[in-house]
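Note: the block below is work_6.tsv and it holds TSV, C-alpha atoms.
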chain	number	residue	atom	x	y	z
A	1	MET	CA	77.87	154.16	127.40
A	2	GLY	CA	75.82	157.21	126.84
A	3	ASN	CA	77.96	157.80	123.80
A	4	ASP	CA	77.11	154.54	122.08
A	5	THR	CA	77.39	154.88	118.36
A	6	ILE	CA	74.32	155.02	116.20
A	7	ARG	CA	73.73	152.73	113.21
A	8	TYR	CA	76.06	153.07	110.26
A	9	ASP	CA	76.53	151.35	106.91
A	10	SER	CA	80.28	150.73	106.93
A	11	LEU	CA	83.23	151.13	109.26
A	12	GLU	CA	84.25	154.20	107.27
A	13	ALA	CA	80.93	155.81	108.15
A	14	ARG	CA	81.13	154.88	111.83
A	15	PRO	CA	80.92	158.12	113.81
A	16	LEU	CA	83.79	159.23	116.01
A	17	PRO	CA	83.25	159.07	119.79
A	18	LYS	CA	81.33	162.01	121.21
A	19	TRP	CA	84.10	162.96	123.66
A	20	LEU	CA	86.46	163.30	120.67
A	21	THR	CA	84.17	165.46	118.53
A	22	ASP	CA	83.30	167.60	121.55
A	23	GLN	CA	87.00	168.11	122.30
A	24	ARG	CA	87.69	168.96	118.64
A	25	ASP	CA	84.78	171.42	118.49
A	26	GLY	CA	85.56	173.01	121.86
A	27	LEU	CA	82.29	171.83	123.40
A	28	ASN	CA	83.90	170.27	126.48
A	29	THR	CA	84.59	173.68	127.97
A	30	TRP	CA	81.98	175.33	130.14
A	31	GLN	CA	79.68	177.64	128.31
A	32	PRO	CA	77.62	180.32	130.03
A	33	PRO	CA	73.88	179.76	129.91
A	34	LYS	CA	72.10	181.42	127.01
A	35	MET	CA	70.44	184.71	127.88
A	36	GLU	CA	66.76	184.76	127.02
A	37	MET	CA	64.83	187.98	126.50
A	38	LYS	CA	61.84	188.28	128.76
A	39	GLU	CA	58.99	190.79	128.52
A	40	ASP	CA	60.23	193.80	130.44
A	41	ARG	CA	57.64	196.29	131.75
A	42	SER	CA	59.88	197.89	134.32
A	43	LEU	CA	60.51	201.04	132.23
A	44	GLY	CA	56.80	201.71	131.73
A	45	VAL	CA	56.03	201.04	135.39
A	46	SER	CA	58.87	203.34	136.42
A	47	MET	CA	57.69	206.19	134.18
A	48	VAL	CA	54.07	205.94	135.32
A	49	THR	CA	55.13	205.78	138.98
A	50	THR	CA	57.39	208.82	138.53
A	51	GLY	CA	54.60	210.73	136.80
A	52	VAL	CA	52.11	209.88	139.53
A	53	ILE	CA	54.56	210.95	142.25
A	54	ILE	CA	55.28	214.26	140.46
A	55	LEU	CA	51.56	214.99	139.99
A	56	LEU	CA	50.81	214.05	143.58
A	57	THR	CA	53.62	216.26	144.88
A	58	LEU	CA	52.49	219.18	142.70
A	59	THR	CA	48.89	218.78	143.87
A	60	ILE	CA	49.85	218.62	147.55
A	61	LEU	CA	52.20	221.59	147.26
A	62	THR	CA	49.60	223.61	145.28
A	63	ILE	CA	46.93	222.98	147.92
A	64	TYR	CA	49.39	223.77	150.70
A	65	PHE	CA	50.48	227.11	149.20
A	66	LEU	CA	46.96	228.14	148.20
A	67	ARG	CA	45.75	227.60	151.77
A	68	LYS	CA	48.77	229.41	153.17
A	69	ASN	CA	48.18	232.42	150.89
A	70	LYS	CA	44.45	232.45	151.75
A	71	LYS	CA	45.27	232.68	155.46
A	72	ARG	CA	47.81	235.47	154.87
A	73	ASN	CA	45.42	237.52	152.67
A	74	ARG	CA	42.58	237.45	155.21
A	75	PRO	CA	41.91	240.88	156.76
B	1	MET	CA	89.82	192.15	156.96
B	2	LYS	CA	86.76	190.79	158.76
B	3	SER	CA	86.37	187.04	159.22
B	4	SER	CA	83.48	186.95	156.72
B	5	GLY	CA	85.77	188.60	154.15
B	6	TRP	CA	88.43	185.95	154.64
B	7	LYS	CA	85.79	183.22	154.25
B	8	ILE	CA	84.72	184.67	150.89
B	9	VAL	CA	88.35	184.84	149.71
B	10	ILE	CA	89.02	181.20	150.75
B	11	VAL	CA	85.82	179.91	149.09
B	12	ALA	CA	86.64	181.84	145.89
B	13	ALA	CA	90.17	180.38	145.89
B	14	TRP	CA	88.78	176.83	146.25
B	15	ILE	CA	86.32	177.39	143.41
B	16	SER	CA	89.05	178.74	141.14
B	17	LEU	CA	91.31	175.78	142.00
B	18	ALA	CA	88.52	173.30	141.31
B	19	CYS	CA	88.00	174.78	137.85
B	20	THR	CA	91.68	174.57	136.89
B	21	THR	CA	92.18	170.94	137.94
B	22	LYS	CA	92.89	168.86	134.88
B	23	VAL	CA	90.37	166.25	133.73
B	24	SER	CA	92.64	163.25	134.48
B	25	GLU	CA	93.39	164.44	138.03
B	26	TRP	CA	89.84	165.56	138.86
B	27	VAL	CA	88.30	162.26	137.77
B	28	LEU	CA	90.87	160.23	139.73
B	29	LEU	CA	90.22	162.20	142.93
B	30	ASN	CA	86.49	162.85	142.67
B	31	ALA	CA	84.70	160.35	140.43
B	32	PRO	CA	84.36	156.92	142.06
B	33	ALA	CA	84.17	153.94	139.70
B	34	ASP	CA	80.66	152.80	138.76
B	35	ARG	CA	79.60	149.48	140.23
B	36	TYR	CA	78.95	146.31	138.31
B	37	LEU	CA	76.34	143.77	139.37
B	38	LEU	CA	77.02	140.04	139.42
B	39	ALA	CA	73.70	138.22	139.72
B	40	TYR	CA	73.17	134.53	140.41
B	41	PHE	CA	69.83	133.49	138.91
B	42	HIS	CA	68.28	130.36	140.38
B	43	GLN	CA	64.90	128.62	140.32
B	44	GLY	CA	64.34	127.69	143.95
B	45	ALA	CA	66.00	126.76	147.27
B	46	LEU	CA	69.78	126.70	147.03
B	47	PRO	CA	71.68	123.52	147.92
B	48	ASP	CA	74.47	123.85	150.52
B	49	PRO	CA	77.37	123.55	148.05
B	50	VAL	CA	75.97	126.45	146.00
B	51	ILE	CA	75.46	128.58	149.13
B	52	ARG	CA	79.08	127.94	150.12
B	53	GLN	CA	80.25	128.63	146.58
B	54	ASN	CA	78.40	131.97	146.46
B	55	ARG	CA	79.74	132.96	149.89
B	56	GLU	CA	83.25	132.35	148.60
B	57	ILE	CA	82.54	134.49	145.55
B	58	GLU	CA	81.16	137.27	147.73
B	59	ALA	CA	84.16	137.09	150.07
B	60	LYS	CA	86.58	137.60	147.18
B	61	ILE	CA	85.10	140.86	145.94
B	62	PRO	CA	85.12	143.33	148.85
B	63	GLN	CA	87.66	145.66	147.23
B	64	ALA	CA	86.19	145.57	143.76
B	65	ASN	CA	83.47	147.84	142.37
B	66	LEU	CA	81.11	144.87	142.25
B	67	LEU	CA	77.86	143.99	143.96
B	68	PHE	CA	76.74	140.37	144.23
B	69	LYS	CA	73.08	139.31	144.41
B	70	GLN	CA	71.14	136.05	144.34
B	71	VAL	CA	67.97	136.39	142.30
B	72	LEU	CA	65.05	133.96	142.27
B	73	LYS	CA	63.77	133.50	138.72
B	74	LYS	CA	61.24	130.80	137.85
B	75	ASP	CA	61.40	130.91	134.05
B	76	ILE	CA	64.97	129.65	133.54
B	77	ASP	CA	66.26	126.21	132.55
B	78	ARG	CA	69.21	126.16	134.92
B	79	PRO	CA	71.01	128.53	137.29
B	80	TYR	CA	73.61	130.92	135.92
B	81	TYR	CA	75.66	134.00	136.78
B	82	ALA	CA	75.27	137.24	134.82
B	83	LEU	CA	77.41	140.38	134.87
B	84	TYR	CA	75.63	143.70	134.40
B	85	TYR	CA	76.81	147.28	134.06
B	86	LYS	CA	74.02	149.85	134.42
B	87	ASN	CA	71.35	147.29	133.46
B	88	ARG	CA	73.34	146.16	130.41
B	89	LEU	CA	74.27	142.49	130.23
B	90	PHE	CA	78.02	142.20	129.73
B	91	ALA	CA	78.48	138.43	130.17
B	92	ARG	CA	76.73	135.23	131.20
B	93	TYR	CA	78.51	132.39	132.99
B	94	ASP	CA	77.00	128.92	133.38
B	95	ASP	CA	79.77	127.73	135.68
B	96	SER	CA	81.26	129.45	138.74
B	97	ARG	CA	84.74	128.42	137.56
B	98	ALA	CA	84.35	130.85	134.67
B	99	LEU	CA	84.31	133.69	137.22
B	100	ALA	CA	88.00	133.17	138.07
B	101	GLY	CA	89.86	136.44	137.49
B	102	LEU	CA	86.68	138.47	137.02
B	103	THR	CA	87.72	141.37	139.25
B	104	SER	CA	91.47	141.24	138.84
B	105	SER	CA	94.12	140.36	136.28
B	106	PRO	CA	97.82	141.18	135.76
B	107	MET	CA	97.10	143.83	133.11
B	108	ARG	CA	94.48	145.57	135.24
B	109	LYS	CA	96.83	145.60	138.25
B	110	LYS	CA	99.54	147.17	136.13
B	111	ILE	CA	97.20	149.84	134.72
B	112	ALA	CA	95.79	150.71	138.17
B	113	ALA	CA	99.35	151.04	139.52
B	114	GLU	CA	100.29	153.42	136.69
B	115	LEU	CA	97.22	155.60	137.34
B	116	MET	CA	98.04	155.69	141.07
B	117	GLU	CA	101.61	156.76	140.20
B	118	GLY	CA	100.34	160.07	138.81
B	119	GLN	CA	100.45	159.20	135.11
B	120	LEU	CA	98.17	161.28	132.90
B	121	CYS	CA	96.51	158.20	131.44
B	122	VAL	CA	97.15	154.71	130.14
B	123	LEU	CA	96.64	154.06	126.44
B	124	LEU	CA	95.64	150.46	125.84
B	125	TYR	CA	96.12	149.11	122.35
B	126	LEU	CA	93.82	146.13	121.82
B	127	THR	CA	95.25	144.09	118.98
B	128	THR	CA	93.43	141.74	116.63
B	129	GLY	CA	96.12	139.18	115.78
B	130	ASN	CA	96.41	140.60	112.25
B	131	SER	CA	100.04	141.75	112.39
B	132	VAL	CA	99.76	144.15	109.41
B	133	LYS	CA	96.82	146.05	110.89
B	134	ASP	CA	98.24	145.93	114.41
B	135	MET	CA	101.69	147.21	113.40
B	136	LYS	CA	100.26	150.09	111.38
B	137	GLY	CA	98.25	151.42	114.32
B	138	MET	CA	101.11	150.91	116.76
B	139	GLU	CA	103.49	152.94	114.60
B	140	VAL	CA	101.08	155.89	114.58
B	141	ILE	CA	100.63	155.70	118.37
B	142	ARG	CA	104.38	155.51	119.09
B	143	LYS	CA	105.17	158.35	116.70
B	144	THR	CA	102.47	160.60	118.19
B	145	LEU	CA	103.48	159.87	121.78
B	146	SER	CA	107.17	160.48	121.13
B	147	ALA	CA	106.32	163.90	119.65
B	148	SER	CA	103.94	164.84	122.48
B	149	PRO	CA	105.20	166.96	125.39
B	150	PHE	CA	103.12	164.66	127.60
B	151	GLY	CA	104.58	161.44	126.13
B	152	LYS	CA	106.55	160.60	129.29
B	153	ILE	CA	103.49	160.69	131.52
B	154	ILE	CA	101.42	158.45	129.26
B	155	THR	CA	101.81	154.69	129.63
B	156	LEU	CA	101.22	152.60	126.53
B	157	VAL	CA	100.22	148.95	126.97
B	158	GLU	CA	99.31	146.34	124.42
B	159	LEU	CA	96.70	143.64	124.92
B	160	ASP	CA	95.88	140.74	122.65
B	161	SER	CA	92.10	140.46	122.51
B	162	ASN	CA	92.45	136.66	122.61
B	163	ASP	CA	94.71	136.55	125.69
B	164	PRO	CA	93.08	133.87	127.92
B	165	GLU	CA	94.46	135.45	131.11
B	166	GLU	CA	92.74	138.75	130.28
B	167	GLN	CA	89.49	137.43	128.78
B	168	HIS	CA	87.25	139.20	131.34
B	169	PHE	CA	89.09	142.50	130.84
B	170	ALA	CA	88.96	142.19	127.03
B	171	ASN	CA	85.25	141.38	127.24
B	172	MET	CA	84.59	144.51	129.32
B	173	LEU	CA	86.59	146.63	126.87
B	174	LEU	CA	84.58	145.28	123.95
B	175	ASN	CA	81.41	146.23	125.82
B	176	VAL	CA	82.36	149.92	126.08
B	177	GLU	CA	80.21	150.38	122.98
B	178	GLU	CA	77.55	147.99	121.76
B	179	ASP	CA	79.07	147.28	118.34
B	180	LEU	CA	82.73	146.77	119.26
B	181	LYS	CA	82.46	142.97	119.40
B	182	THR	CA	81.49	142.93	115.74
B	183	ILE	CA	84.49	145.00	114.61
B	184	SER	CA	87.71	143.17	113.88
B	185	GLU	CA	90.05	146.16	113.99
B	186	PRO	CA	92.75	147.28	116.41
B	187	MET	CA	91.39	149.69	119.02
B	188	LEU	CA	93.00	152.35	121.18
B	189	PHE	CA	91.37	152.91	124.58
B	190	GLY	CA	92.20	155.87	126.80
B	191	ILE	CA	92.13	154.85	130.49
B	192	PHE	CA	92.09	157.46	133.25
B	193	GLY	CA	90.70	158.27	136.70
B	194	GLN	CA	89.61	155.25	138.72
B	195	PHE	CA	89.90	152.90	135.71
B	196	ARG	CA	87.48	154.70	133.46
B	197	VAL	CA	87.75	153.79	129.79
B	198	LEU	CA	86.84	156.16	126.96
B	199	GLU	CA	85.08	155.01	123.82
B	200	PRO	CA	87.99	153.85	121.63
B	201	LEU	CA	89.66	155.07	118.49
B	202	LEU	CA	89.68	152.26	115.97
B	203	ALA	CA	90.95	151.40	112.50
B	204	LYS	CA	91.62	154.65	110.60
B	205	GLY	CA	90.45	156.60	113.64
B	206	ILE	CA	93.83	155.79	115.22
B	207	SER	CA	95.45	158.89	113.76
B	208	GLY	CA	97.93	161.41	115.09
B	209	GLU	CA	95.26	164.12	115.20
B	210	ASN	CA	92.78	161.98	117.16
B	211	ILE	CA	95.44	160.81	119.63
B	212	ARG	CA	96.43	164.44	120.23
B	213	LEU	CA	92.76	165.29	120.83
B	214	MET	CA	92.60	162.44	123.35
B	215	ILE	CA	95.63	163.85	125.16
B	216	ASP	CA	94.04	167.32	125.01
B	217	PHE	CA	90.92	165.86	126.63
B	218	PHE	CA	92.97	164.57	129.59
B	219	THR	CA	95.07	167.72	130.00
B	220	ALA	CA	92.20	170.23	129.71
B	221	ASP	CA	90.64	172.02	132.67
B	222	CYS	CA	87.86	169.85	134.06
B	223	SER	CA	84.71	171.68	133.02
B	224	CYS	CA	81.21	171.28	134.41
B	225	VAL	CA	80.22	169.70	131.08
B	226	ILE	CA	82.65	166.82	131.65
B	227	LYS	CA	81.87	166.50	135.37
B	228	ASP	CA	78.14	166.22	134.70
B	229	ASP	CA	78.40	163.74	131.84
B	230	LEU	CA	81.63	161.79	132.17
B	231	PRO	CA	82.30	159.84	128.96
B	232	GLY	CA	83.26	156.17	128.91
B	233	ILE	CA	82.57	153.37	131.38
B	234	SER	CA	84.26	151.98	134.49
B	235	MET	CA	86.14	148.69	134.47
B	236	LEU	CA	85.95	146.06	137.19
B	237	CYS	CA	89.06	146.40	139.33
B	238	GLU	CA	90.36	145.63	142.83
B	239	GLU	CA	91.84	148.95	143.90
B	240	THR	CA	91.04	151.27	146.78
B	241	TRP	CA	92.25	154.42	144.92
B	242	LYS	CA	93.45	155.91	148.21
B	243	ASP	CA	96.33	158.42	148.29
B	244	PRO	CA	97.44	158.54	144.65
B	245	VAL	CA	100.72	160.26	143.78
B	246	PRO	CA	100.04	163.92	142.75
B	247	ALA	CA	99.35	164.27	139.03
B	248	ARG	CA	102.57	164.70	137.01
B	249	VAL	CA	100.81	166.75	134.36
B	250	ASN	CA	100.81	169.83	136.60
B	251	LYS	CA	104.62	170.01	136.67
B	252	ILE	CA	104.81	169.90	132.87
B	253	LEU	CA	102.14	172.60	132.54
B	254	ASP	CA	103.81	174.80	135.19
B	255	GLU	CA	107.11	174.60	133.33
B	256	ASN	CA	105.47	175.09	129.91
B	257	PRO	CA	102.54	177.52	130.32
B	258	GLN	CA	102.15	177.66	126.53
B	259	LEU	CA	100.70	174.12	126.72
B	260	MET	CA	97.78	175.31	128.84
B	261	HIS	CA	94.42	175.05	127.15
B	262	ARG	CA	90.77	174.69	128.05

What does the file become when written as structure tokens?
Amino acid sequence: MGNDTIRYDSLEARPLPKWLTDQRDGLNTWQPPKMEMKEDRSLGVSMVTTGVIILLTLTILTIYFLRKNKKRNRP
Amino acid sequence: MKSSGWKIVIVAAWISLACTTKVSEWVLLNAPADRYLLAYFHQGALPDPVIRQNREIEAKIPQANLLFKQVLKKDIDRPYYALYYKNRLFARYDDSRALAGLTSSPMRKKIAAELMEGQLCVLLYLTTGNSVKDMKGMEVIRKTLSASPFGKIITLVELDSNDPEEQHFANMLLNVEEDLKTISEPMLFGIFGQFRVLEPLLAKGISGENIRLMIDFFTADCSCVIKDDLPGISMLCEETWKDPVPARVNKILDENPQLMHR
């Protein structure tokens, strides 16, 4: 029913049933959904986060060691 | 293995089985026939004889894929019955006697029995009465079936479109597509599942290549594409479709793995 033929001029031009053309063209088999590219910011976010963590760690460690050395160098 | 592991294995096995079931078998087991609607249109209160008559009609159709309704409609000249399939008018009957044999006929009983016996499909050749045209198509069908490895599990039947005993069946077949009634050519219908009929091959479309593609359609793995949008339409039929014989196609495919395709 959903495959009802569309208008045609003569019997020669009458289209073949959809199930037949789909079978012939291999369209009756399951096809995986098409992959669509989406805007991906994960790499940028990852790099910025890594940079921030490295800087933060360096800052904390620098402060820690400077204070430690100050205490040790006091007379 | 833990119980959850076994569950995953069993579910995966079921899914893989479901995807390798052939179209003909899957549709027979899982796709119930669509229902027709027989409506009785009337203008007002029903007289007793009509009530009795409609009760008798209703009592005769419990096993068929048919729903009966009485519909009050003011703008009609006289009462009538109308047969619908998915809101499409298939036939109009002015007399209840014309409904005789609506849900059952010898040819439909035979076809239903063949489908229940595990046949791959039934090919119905609807002839025109023009012996030259009819013979030409029949020769192509016979030749193709005899050369097919699935020939023995395909039943071929012939129906004269003017057979008075099968007039309801022929009318339903000619309603599979909207223009079929206007075409005076022999037609080949593929019937499968719970009496589902594919859009036919007709005239020059009845070729060896197209018949092989039809057989390929029935013997292919049942994909989600087919399950979601099953082609063809259901026929009216009195059959419960309970406990069919296992599909014979599987034995042929097991013995001849080279015939497997998707």

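The spacing separating atom CA of B:Ser184 from atom CA of B:Ala112 amounts to 26.7 Å.
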
Quiz item: Hey, which of B:Pro149, B:Val140, B:Pro62, B:Leu230 ends up closest to B:Asn210? Count only C-alpha atoms.
Solution: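 Going through B:Pro149, B:Val140, B:Pro62, B:Leu230 one by one, the smallest distance to B:Asn210 is for B:Val140.
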
Give the padded box for stretch 145-162 of chain B as JSON: axis-aligned, covering all atoms listed in the file, 5 Å on each side, centre and edge lengths in Å to one decimal.
{"center_x": 99.6, "center_y": 151.8, "center_z": 125.6, "size_x": 25.1, "size_y": 40.3, "size_z": 21.9}

Quiz item: Mind pulling up the distance from atom CA of B:Leu213 to atom CA of A:Thr21?
Solution: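 A separation of 8.9 Å between them.
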
Self-check item: From B:Tyr125, B:Tyr85, B:Tyr80, B:Phe68, residue lying nearest B:Glu185 [all atoms listed in the file]
Solution: B:Tyr125

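Within 8 Å of chain A, and counting only C-alpha atoms, chain B contributes Val176, Glu177, Glu178, Asp179, Glu199, Pro200, Leu201, Gly205, Asn210, Leu213, Met214, Asp216, Phe217, Asp221, Cys222, Ser223, Cys224, Val225, Ile226, Pro231, Gly232, Ile233 and Arg262 of chain B.
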
File dump, residues just selected, C-alpha atoms, as a PDB file, in the frame of the given file:
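Once written, result20.pdb looks like this:
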ATOM      1  CA  VAL B 176      82.360 149.920 126.080  1.00  0.00           C
ATOM      2  CA  GLU B 177      80.210 150.380 122.980  1.00  0.00           C
ATOM      3  CA  GLU B 178      77.550 147.990 121.760  1.00  0.00           C
ATOM      4  CA  ASP B 179      79.070 147.280 118.340  1.00  0.00           C
ATOM      5  CA  GLU B 199      85.080 155.010 123.820  1.00  0.00           C
ATOM      6  CA  PRO B 200      87.990 153.850 121.630  1.00  0.00           C
ATOM      7  CA  LEU B 201      89.660 155.070 118.490  1.00  0.00           C
ATOM      8  CA  GLY B 205      90.450 156.600 113.640  1.00  0.00           C
ATOM      9  CA  ASN B 210      92.780 161.980 117.160  1.00  0.00           C
ATOM     10  CA  LEU B 213      92.760 165.290 120.830  1.00  0.00           C
ATOM     11  CA  MET B 214      92.600 162.440 123.350  1.00  0.00           C
ATOM     12  CA  ASP B 216      94.040 167.320 125.010  1.00  0.00           C
ATOM     13  CA  PHE B 217      90.920 165.860 126.630  1.00  0.00           C
ATOM     14  CA  ASP B 221      90.640 172.020 132.670  1.00  0.00           C
ATOM     15  CA  CYS B 222      87.860 169.850 134.060  1.00  0.00           C
ATOM     16  CA  SER B 223      84.710 171.680 133.020  1.00  0.00           C
ATOM     17  CA  CYS B 224      81.210 171.280 134.410  1.00  0.00           C
ATOM     18  CA  VAL B 225      80.220 169.700 131.080  1.00  0.00           C
ATOM     19  CA  ILE B 226      82.650 166.820 131.650  1.00  0.00           C
ATOM     20  CA  PRO B 231      82.300 159.840 128.960  1.00  0.00           C
ATOM     21  CA  GLY B 232      83.260 156.170 128.910  1.00  0.00           C
ATOM     22  CA  ILE B 233      82.570 153.370 131.380  1.00  0.00           C
ATOM     23  CA  ARG B 262      90.770 174.690 128.050  1.00  0.00           C
TER      24      ARG B 262
END

Exercise. Name the residues within 8 Å of (93.5, 153.4, 128.0), counting only C-alpha atoms in the file's coordinates, and put them as a VMD selection string.
Key: chain B and resid 121 to 125 156 188 to 192 197 to 198

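Going from atom CA of B:Val245 to atom CA of B:Leu173 covers 25.9 Å.
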
Quiz item: Can you list, as a PyMOL selection string, every protein, DNA or RNA residue that comes within 12 Å of B:Gln70 when you count all atoms listed in the file, leaving out same-chain residues fewer than 5 positions away?
Solution: chain B and resi 37-46+50-51+53-55+57-58+79-82

Self-check item: Polymer residues at most 10 Å from B:Leu66, only C-alpha atoms, same-chain spacing of 6 or more positions, as number ranges by chain
Solution: B: 33-38, 58, 83-85, 102-103, 236-238

Leaving out B:Ile215 and any residue of its chain fewer than 4 positions from it, which residues lie within 9 Å of it when counting all atoms listed in the file, given as a PDB file with C-alpha atoms, keeping the file's coordinate frame?
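Contents of the output file part.pdb:
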ATOM      1  CA  LEU B 120      98.170 161.280 132.900  1.00  0.00           C
ATOM      2  CA  CYS B 121      96.510 158.200 131.440  1.00  0.00           C
ATOM      3  CA  SER B 148     103.940 164.840 122.480  1.00  0.00           C
ATOM      4  CA  PHE B 150     103.120 164.660 127.600  1.00  0.00           C
ATOM      5  CA  ILE B 154     101.420 158.450 129.260  1.00  0.00           C
ATOM      6  CA  GLY B 190      92.200 155.870 126.800  1.00  0.00           C
ATOM      7  CA  ASN B 210      92.780 161.980 117.160  1.00  0.00           C
ATOM      8  CA  ILE B 211      95.440 160.810 119.630  1.00  0.00           C
ATOM      9  CA  THR B 219      95.070 167.720 130.000  1.00  0.00           C
ATOM     10  CA  ALA B 220      92.200 170.230 129.710  1.00  0.00           C
TER      11      ALA B 220
END

Quiz prompt | Exercise: residues within 12 Å of coordinate (100.9, 144.1, 128.8), counting all atoms listed in the file, as a VMD selection string | solution = chain B and resid 105 to 111 122 to 127 155 to 161 163 165 to 166

Exercise. Using only C-alpha atoms, pick whichever of B:Ile153, B:Leu180, B:Leu259, B:Leu202 has the shortest atom-to-atom distance to B:Leu115.
Key: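 Of B:Ile153, B:Leu180, B:Leu259, B:Leu202, the one nearest B:Leu115, counting only C-alpha atoms, is B:Ile153.
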